[in-house]
$ cat upload.pdb   # PDB, C-alpha atoms, pLDDT in the B column
ATOM      1  CA  MET Y   1       6.804   2.270 -14.224  1.00 62.00           C
ATOM      2  CA  THR Y   2       6.348   3.382 -10.662  1.00 84.00           C
ATOM      3  CA  GLU Y   3       8.337   1.948  -7.794  1.00 93.00           C
ATOM      4  CA  LEU Y   4       7.140  -1.331  -6.271  1.00 95.00           C
ATOM      5  CA  MET Y   5       6.258  -0.966  -2.604  1.00 96.00           C
ATOM      6  CA  PHE Y   6       5.160  -3.366   0.139  1.00 96.00           C
ATOM      7  CA  LEU Y   7       2.852  -3.475   3.139  1.00 95.00           C
ATOM      8  CA  PRO Y   8       2.183  -6.296   5.608  1.00 95.00           C
ATOM      9  CA  SER Y   9      -1.095  -7.855   4.459  1.00 94.00           C
ATOM     10  CA  ALA Y  10      -2.584  -7.835   7.964  1.00 91.00           C
ATOM     11  CA  TRP Y  11      -2.453  -4.037   7.880  1.00 90.00           C
ATOM     12  CA  MET Y  12      -4.801  -3.704   4.891  1.00 86.00           C
ATOM     13  CA  ASP Y  13      -7.628  -1.951   6.727  1.00 77.00           C
ATOM     14  CA  GLU Y  14      -9.418   1.390   6.866  1.00 68.00           C
ATOM     15  CA  TYR Y  15      -6.211   3.122   7.974  1.00 75.00           C
ATOM     16  CA  VAL Y  16      -3.282   1.854   5.938  1.00 83.00           C
ATOM     17  CA  PRO Y  17       0.245   2.655   7.158  1.00 89.00           C
ATOM     18  CA  ASP Y  18       2.718   3.921   4.556  1.00 90.00           C
ATOM     19  CA  PRO Y  19       3.901   1.200   2.149  1.00 94.00           C
ATOM     20  CA  GLN Y  20       7.693   0.958   1.804  1.00 96.00           C
ATOM     21  CA  THR Y  21      10.117   0.092  -1.003  1.00 96.00           C
ATOM     22  CA  ASP Y  22      11.970  -2.373   1.261  1.00 97.00           C
ATOM     23  CA  VAL Y  23      10.172  -4.877   3.506  1.00 97.00           C
ATOM     24  CA  ASN Y  24      13.036  -4.623   5.997  1.00 97.00           C
ATOM     25  CA  LEU Y  25      12.099  -1.033   6.834  1.00 96.00           C
ATOM     26  CA  PHE Y  26       9.204  -2.462   8.862  1.00 95.00           C
ATOM     27  CA  ILE Y  27      11.630  -4.128  11.297  1.00 96.00           C
ATOM     28  CA  PHE Y  28      12.193  -2.286  14.577  1.00 93.00           C
ATOM     29  CA  ARG Y  29      14.624  -3.602  17.193  1.00 92.00           C
ATOM     30  CA  ASP Y  30      14.343  -2.199  20.723  1.00 89.00           C
ATOM     31  CA  ASP Y  31      17.167  -1.784  23.252  1.00 89.00           C
ATOM     32  CA  SER Y  32      16.621  -5.316  24.585  1.00 91.00           C
ATOM     33  CA  GLY Y  33      17.123  -6.799  21.103  1.00 90.00           C
ATOM     34  CA  THR Y  34      13.477  -7.759  20.602  1.00 93.00           C
ATOM     35  CA  CYS Y  35      12.348  -7.247  17.008  1.00 94.00           C
ATOM     36  CA  TYR Y  36       8.943  -5.906  16.038  1.00 93.00           C
ATOM     37  CA  LEU Y  37       7.010  -5.460  12.833  1.00 94.00           C
ATOM     38  CA  ARG Y  38       5.943  -1.803  12.844  1.00 92.00           C
ATOM     39  CA  PRO Y  39       5.047   0.969  10.387  1.00 91.00           C
ATOM     40  CA  VAL Y  40       7.998   3.235   9.624  1.00 89.00           C
ATOM     41  CA  GLU Y  41       6.035   6.291  10.742  1.00 85.00           C
ATOM     42  CA  ASP Y  42       5.304   4.619  14.112  1.00 74.00           C
ATOM     43  CA  GLN Y  43       8.624   2.887  14.851  1.00 62.00           C
ATOM     44  CA  HIS Y  44       8.637   4.024  18.487  1.00 62.00           C
ATOM     45  CA  ASP Y  45       4.925   3.478  19.096  1.00 61.00           C
ATOM     46  CA  GLY Y  46       4.249   0.054  20.559  1.00 58.00           C
ATOM     47  CA  GLU Y  47       0.487   0.551  20.547  1.00 64.00           C
ATOM     48  CA  ALA Y  48      -0.675   0.414  16.934  1.00 67.00           C
ATOM     49  CA  TYR Y  49       0.282  -2.184  14.329  1.00 77.00           C
ATOM     50  CA  SER Y  50       2.984  -3.791  16.451  1.00 84.00           C
ATOM     51  CA  GLN Y  51       3.878  -7.473  16.269  1.00 90.00           C
ATOM     52  CA  VAL Y  52       6.799  -9.259  17.942  1.00 94.00           C
ATOM     53  CA  LEU Y  53       8.967 -11.006  15.360  1.00 97.00           C
ATOM     54  CA  ASN Y  54      10.773 -14.282  16.056  1.00 96.00           C
ATOM     55  CA  HIS Y  55      13.351 -15.993  13.862  1.00 97.00           C
ATOM     56  CA  GLY Y  56      11.511 -18.087  11.262  1.00 97.00           C
ATOM     57  CA  ASP Y  57       8.193 -16.203  11.428  1.00 97.00           C
ATOM     58  CA  ILE Y  58       6.376 -15.862   8.119  1.00 97.00           C
ATOM     59  CA  VAL Y  59       4.862 -12.463   7.331  1.00 97.00           C
ATOM     60  CA  MET Y  60       2.619 -11.942   4.316  1.00 96.00           C
ATOM     61  CA  PHE Y  61       3.051  -8.758   2.264  1.00 96.00           C
ATOM     62  CA  ASP Y  62       0.872  -7.074  -0.355  1.00 95.00           C
ATOM     63  CA  GLU Y  63       2.520  -5.253  -3.244  1.00 95.00           C
ATOM     64  CA  HIS Y  64       1.631  -1.686  -4.177  1.00 95.00           C
ATOM     65  CA  ARG Y  65       2.302   0.947  -6.832  1.00 96.00           C
ATOM     66  CA  GLN Y  66       1.298   4.598  -6.487  1.00 96.00           C
ATOM     67  CA  PHE Y  67       0.537   6.292  -9.818  1.00 97.00           C
ATOM     68  CA  GLY Y  68       0.084   9.821  -8.498  1.00 95.00           C
ATOM     69  CA  ASP Y  69      -2.418  12.605  -8.913  1.00 97.00           C
ATOM     70  CA  PHE Y  70      -4.577  13.415 -11.907  1.00 98.00           C
ATOM     71  CA  THR Y  71      -7.125  16.033 -12.895  1.00 98.00           C
ATOM     72  CA  LEU Y  72     -10.496  14.620 -13.930  1.00 98.00           C
ATOM     73  CA  THR Y  73     -12.738  16.880 -15.987  1.00 98.00           C
ATOM     74  CA  ILE Y  74     -16.386  15.861 -16.277  1.00 98.00           C
ATOM     75  CA  ASN Y  75     -18.266  17.589 -19.085  1.00 97.00           C
ATOM     76  CA  GLU Y  76     -21.925  18.662 -19.013  1.00 96.00           C
ATOM     77  CA  ASP Y  77     -22.821  15.801 -21.374  1.00 96.00           C
ATOM     78  CA  GLY Y  78     -21.373  13.254 -18.906  1.00 93.00           C
ATOM     79  CA  SER Y  79     -18.231  12.562 -20.897  1.00 96.00           C
ATOM     80  CA  TRP Y  80     -14.951  12.881 -19.059  1.00 97.00           C
ATOM     81  CA  GLU Y  81     -11.204  13.134 -19.565  1.00 97.00           C
ATOM     82  CA  THR Y  82      -8.057  13.150 -17.462  1.00 98.00           C
ATOM     83  CA  ASP Y  83      -5.023  15.379 -17.864  1.00 97.00           C
ATOM     84  CA  SER Y  84      -2.864  12.300 -18.517  1.00 96.00           C
ATOM     85  CA  PRO Y  85      -3.668   8.610 -18.992  1.00 96.00           C
ATOM     86  CA  ILE Y  86      -4.322   6.570 -15.868  1.00 96.00           C
ATOM     87  CA  PRO Y  87      -2.421   3.259 -16.001  1.00 95.00           C
ATOM     88  CA  THR Y  88      -4.678   0.379 -16.983  1.00 94.00           C
ATOM     89  CA  ASP Y  89      -3.525  -1.684 -14.002  1.00 94.00           C
ATOM     90  CA  ALA Y  90      -4.808   0.887 -11.485  1.00 96.00           C
ATOM     91  CA  THR Y  91      -7.145  -0.906  -9.057  1.00 96.00           C
ATOM     92  CA  CYS Y  92      -8.021   2.067  -6.863  1.00 96.00           C
ATOM     93  CA  ILE Y  93      -9.117   5.571  -7.811  1.00 98.00           C
ATOM     94  CA  ARG Y  94     -10.393   8.168  -5.368  1.00 97.00           C
ATOM     95  CA  VAL Y  95     -11.364  11.844  -5.207  1.00 98.00           C
ATOM     96  CA  ASP Y  96      -9.265  14.242  -3.119  1.00 96.00           C
ATOM     97  CA  ARG Y  97      -7.413  11.268  -1.559  1.00 93.00           C
ATOM     98  CA  ASP Y  98     -10.619  10.412   0.327  1.00 93.00           C
ATOM     99  CA  THR Y  99     -10.778   6.647   0.831  1.00 89.00           C
ATOM    100  CA  ASP Y 100     -14.568   6.863   1.245  1.00 93.00           C
ATOM    101  CA  THR Y 101     -14.757   7.676  -2.502  1.00 96.00           C
ATOM    102  CA  LEU Y 102     -12.602   4.706  -3.571  1.00 95.00           C
ATOM    103  CA  GLN Y 103     -13.637   2.866  -6.752  1.00 97.00           C
ATOM    104  CA  PRO Y 104     -11.915   0.515  -9.230  1.00 96.00           C
ATOM    105  CA  SER Y 105     -12.571   2.674 -12.316  1.00 96.00           C
ATOM    106  CA  ILE Y 106     -13.306   6.266 -13.257  1.00 96.00           C
ATOM    107  CA  ARG Y 107     -16.740   5.317 -14.572  1.00 95.00           C
ATOM    108  CA  GLU Y 108     -17.623   3.837 -11.155  1.00 97.00           C
ATOM    109  CA  LEU Y 109     -15.921   6.735  -9.347  1.00 97.00           C
ATOM    110  CA  ILE Y 110     -18.218   9.172 -11.140  1.00 97.00           C
ATOM    111  CA  SER Y 111     -21.441   7.196 -10.745  1.00 96.00           C
ATOM    112  CA  GLU Y 112     -20.959   5.893  -7.178  1.00 97.00           C
ATOM    113  CA  ASN Y 113     -19.937   9.314  -5.860  1.00 97.00           C
ATOM    114  CA  ASP Y 114     -22.461  11.256  -7.957  1.00 95.00           C
ATOM    115  CA  LEU Y 115     -19.706  13.515  -9.283  1.00 96.00           C
ATOM    116  CA  GLN Y 116     -21.033  16.520 -11.150  1.00 96.00           C
ATOM    117  CA  ALA Y 117     -19.655  18.344 -14.184  1.00 97.00           C
ATOM    118  CA  GLY Y 118     -16.474  20.210 -13.352  1.00 97.00           C
ATOM    119  CA  VAL Y 119     -12.872  19.614 -12.411  1.00 98.00           C
ATOM    120  CA  HIS Y 120     -11.959  17.062  -9.731  1.00 98.00           C
ATOM    121  CA  GLN Y 121      -8.606  16.051  -8.248  1.00 98.00           C
ATOM    122  CA  ILE Y 122      -8.112  12.291  -8.159  1.00 98.00           C
ATOM    123  CA  ASP Y 123      -5.302   9.825  -7.505  1.00 97.00           C
ATOM    124  CA  ALA Y 124      -4.756   6.272  -8.683  1.00 97.00           C
ATOM    125  CA  TYR Y 125      -2.847   3.287  -7.368  1.00 96.00           C
ATOM    126  CA  TRP Y 126      -2.570  -0.497  -7.538  1.00 96.00           C
ATOM    127  CA  TRP Y 127      -2.716  -3.210  -4.876  1.00 93.00           C
ATOM    128  CA  SER Y 128      -1.569  -6.677  -5.862  1.00 93.00           C
ATOM    129  CA  GLY Y 129      -4.625  -8.638  -4.750  1.00 87.00           C
ATOM    130  CA  TYR Y 130      -2.307 -11.442  -3.650  1.00 92.00           C
ATOM    131  CA  GLU Y 131       0.041 -11.949  -0.725  1.00 93.00           C
ATOM    132  CA  THR Y 132       3.764 -12.715  -0.892  1.00 93.00           C
ATOM    133  CA  PRO Y 133       5.303 -14.568   2.065  1.00 96.00           C
ATOM    134  CA  ARG Y 134       8.610 -13.480   3.601  1.00 97.00           C
ATOM    135  CA  ARG Y 135      10.503 -15.363   6.287  1.00 98.00           C
ATOM    136  CA  PHE Y 136      11.963 -13.327   9.182  1.00 98.00           C
ATOM    137  CA  ILE Y 137      15.639 -14.163   9.705  1.00 98.00           C
ATOM    138  CA  VAL Y 138      17.863 -13.085  12.605  1.00 96.00           C
ATOM    139  CA  ASP Y 139      21.580 -13.537  11.988  1.00 93.00           C
ATOM    140  CA  GLY Y 140      23.587 -12.027  14.843  1.00 88.00           C
ATOM    141  CA  ASP Y 141      22.966  -8.280  14.860  1.00 88.00           C
ATOM    142  CA  THR Y 142      21.203  -8.417  11.508  1.00 94.00           C
ATOM    143  CA  ALA Y 143      17.469  -8.954  11.066  1.00 96.00           C
ATOM    144  CA  ARG Y 144      15.795  -9.185   7.671  1.00 97.00           C
ATOM    145  CA  PHE Y 145      12.957 -10.655   5.646  1.00 98.00           C
ATOM    146  CA  GLU Y 146      13.787 -13.176   2.940  1.00 96.00           C
ATOM    147  CA  ARG Y 147      11.528 -13.904   0.020  1.00 92.00           C
ATOM    148  CA  ILE Y 148      10.338 -17.487   0.001  1.00 92.00           C
ATOM    149  CA  GLU Y 149      11.212 -18.816  -3.437  1.00 78.00           C
ATOM    150  CA  GLY Y 150       8.453 -20.318  -5.545  1.00 67.00           C
ATOM    151  CA  GLN Y 151       5.726 -18.164  -3.994  1.00 51.00           C
ATOM    152  CA  ALA Y 152       3.555 -15.485  -5.623  1.00 51.00           C
ATOM    153  CA  GLN Y 153       5.567 -12.458  -6.646  1.00 47.00           C
TER     154      GLN Y 153
END
$ encode --input "upload.pdb" --output "structure tokens"
Amino acid sequence: MTELMFLPSAWMDEYVPDPQTDVNLFIFRDDSGTCYLRPVEDQHDGEAYSQVLNHGDIVMFDEHRQFGDFTLTINEDGSWETDSPIPTDATCIRVDRDTDTLQPSIRELISENDLQAGVHQIDAYWWSGYETPRRFIVDGDTARFERIEGQAQ
């Protein structure tokens, strides 16, 4: 099983910041002590995907699993095979990591992108399709997200 990762739900858009294995990695505290929700790769960039966090705020997160890269071979007769099985819970498959090719299955990937016979590099991953709420807690010098019990997981 691949590692479970998280991303703030509001960031599910055309450009998706890097999901993280710990929701707390999205917390950035500046020199004044103000906390922000920010992508790890943009921790010092207050322009994109930045939200001030206050004690008690609820932030929704989507869950994610990355299954990796695969080789898809399409035969002249239209049949196809992959170099290893793609997990059945994969919800997203794309060619050459191009989000414009994204489809929920290989059959749709081939037909919607008019893929021809040959070898294609693809990747597969899973998004939860539900949101999990976390409460932002500030306790002295420590800031963290806590899972709200009884909610979708």
$ residues_around --input "upload.pdb" --residues "Ile58 (chain Y)" --least-positions-apart "6" --cutoff "9 Å" --atoms "all atoms listed in the file" --output "list of chain:residue names"
Y:Pro133, Y:Arg134, Y:Arg135, Y:Phe136, Y:Phe145
$ resolve_selection --input "upload.pdb" --expression "the PyMOL selection byres ((chain Y and resi 120) around 6)" --output "VMD selection string"
chain Y and resid 71 to 72 119 121
$ write_last_selection --input "upload.pdb" --atoms "C-alpha atoms" --output "PDB file, keeping the file's coordinate frame"
ATOM      1  CA  THR Y  71      -7.125  16.033 -12.895  1.00 98.00           C
ATOM      2  CA  LEU Y  72     -10.496  14.620 -13.930  1.00 98.00           C
ATOM      3  CA  VAL Y 119     -12.872  19.614 -12.411  1.00 98.00           C
ATOM      4  CA  GLN Y 121      -8.606  16.051  -8.248  1.00 98.00           C
TER       5      GLN Y 121
END
$ atom_distance --input "upload.pdb" --atom1 "CA of Thr2 (chain Y)" --atom2 "CA of Asp89 (chain Y)"
11.6 Å
$ atom_distance --input "upload.pdb" --atom1 "CA of Asp22 (chain Y)" --atom2 "CA of Gln103 (chain Y)"
27.3 Å
$ residues_around --input "upload.pdb" --residues "Phe67 (chain Y)" --least-positions-apart "6" --cutoff "8 Å" --atoms "all atoms listed in the file" --output "PyMOL selection string"
chain Y and resi 2+86-87+90+123-126
$ residues_around --input "upload.pdb" --residues "Asp114 (chain Y)" --least-positions-apart "3" --cutoff "12 Å" --atoms "all atoms listed in the file" --output "list in words"
Ile74, Gly78, Val95, Thr101, Ile106, Arg107, Glu108, Leu109, Ile110, Ser111 and Ala117 of chain Y
$ atom_distance --input "upload.pdb" --atom1 "CA of Arg65 (chain Y)" --atom2 "CA of Leu4 (chain Y)"
5.4 Å
$ closest_residue --input "upload.pdb" --among "Y:Thr132, Y:Thr91, Y:Gln116, Y:Asn54" --to "Gln66 (chain Y)" --atoms "only C-alpha atoms"
Y:Thr91
$ residues_near_point --input "upload.pdb" --point "(14.7, -7.7, 16.3)" --cutoff "12 Å" --atoms "all atoms listed in the file" --output "PyMOL selection string"
chain Y and resi 24-38+51-57+136-145
$ closest_residue --input "upload.pdb" --among "Y:Ile122, Y:Leu102, Y:Met60, Y:Val40" --to "Thr21 (chain Y)" --atoms "only C-alpha atoms"
Y:Val40
$ closest_residue --input "upload.pdb" --among "Y:Thr82, Y:Gln20, Y:Thr99, Y:Asn113" --to "Phe61 (chain Y)" --atoms "only C-alpha atoms"
Y:Gln20
$ closest_residue --input "upload.pdb" --among "Y:Pro104, Y:Leu115, Y:Ser50, Y:His64" --to "Glu76 (chain Y)" --atoms "all atoms listed in the file"
Y:Leu115
$ closest_residue --input "upload.pdb" --among "Y:Ala10, Y:Val16, Y:Ile93, Y:Ile148" --to "Gly68 (chain Y)" --atoms "only C-alpha atoms"
Y:Ile93
$ closest_residue --input "upload.pdb" --among "Y:Glu63, Y:Asp98, Y:Ser105, Y:Tyr15" --to "Glu131 (chain Y)" --atoms "only C-alpha atoms"
Y:Glu63
$ residues_around --input "upload.pdb" --residues "Pro19 (chain Y)" --least-positions-apart "2" --cutoff "6 Å" --atoms "all atoms listed in the file" --output "list in words"
Met5, Phe6 and Leu7 of chain Y
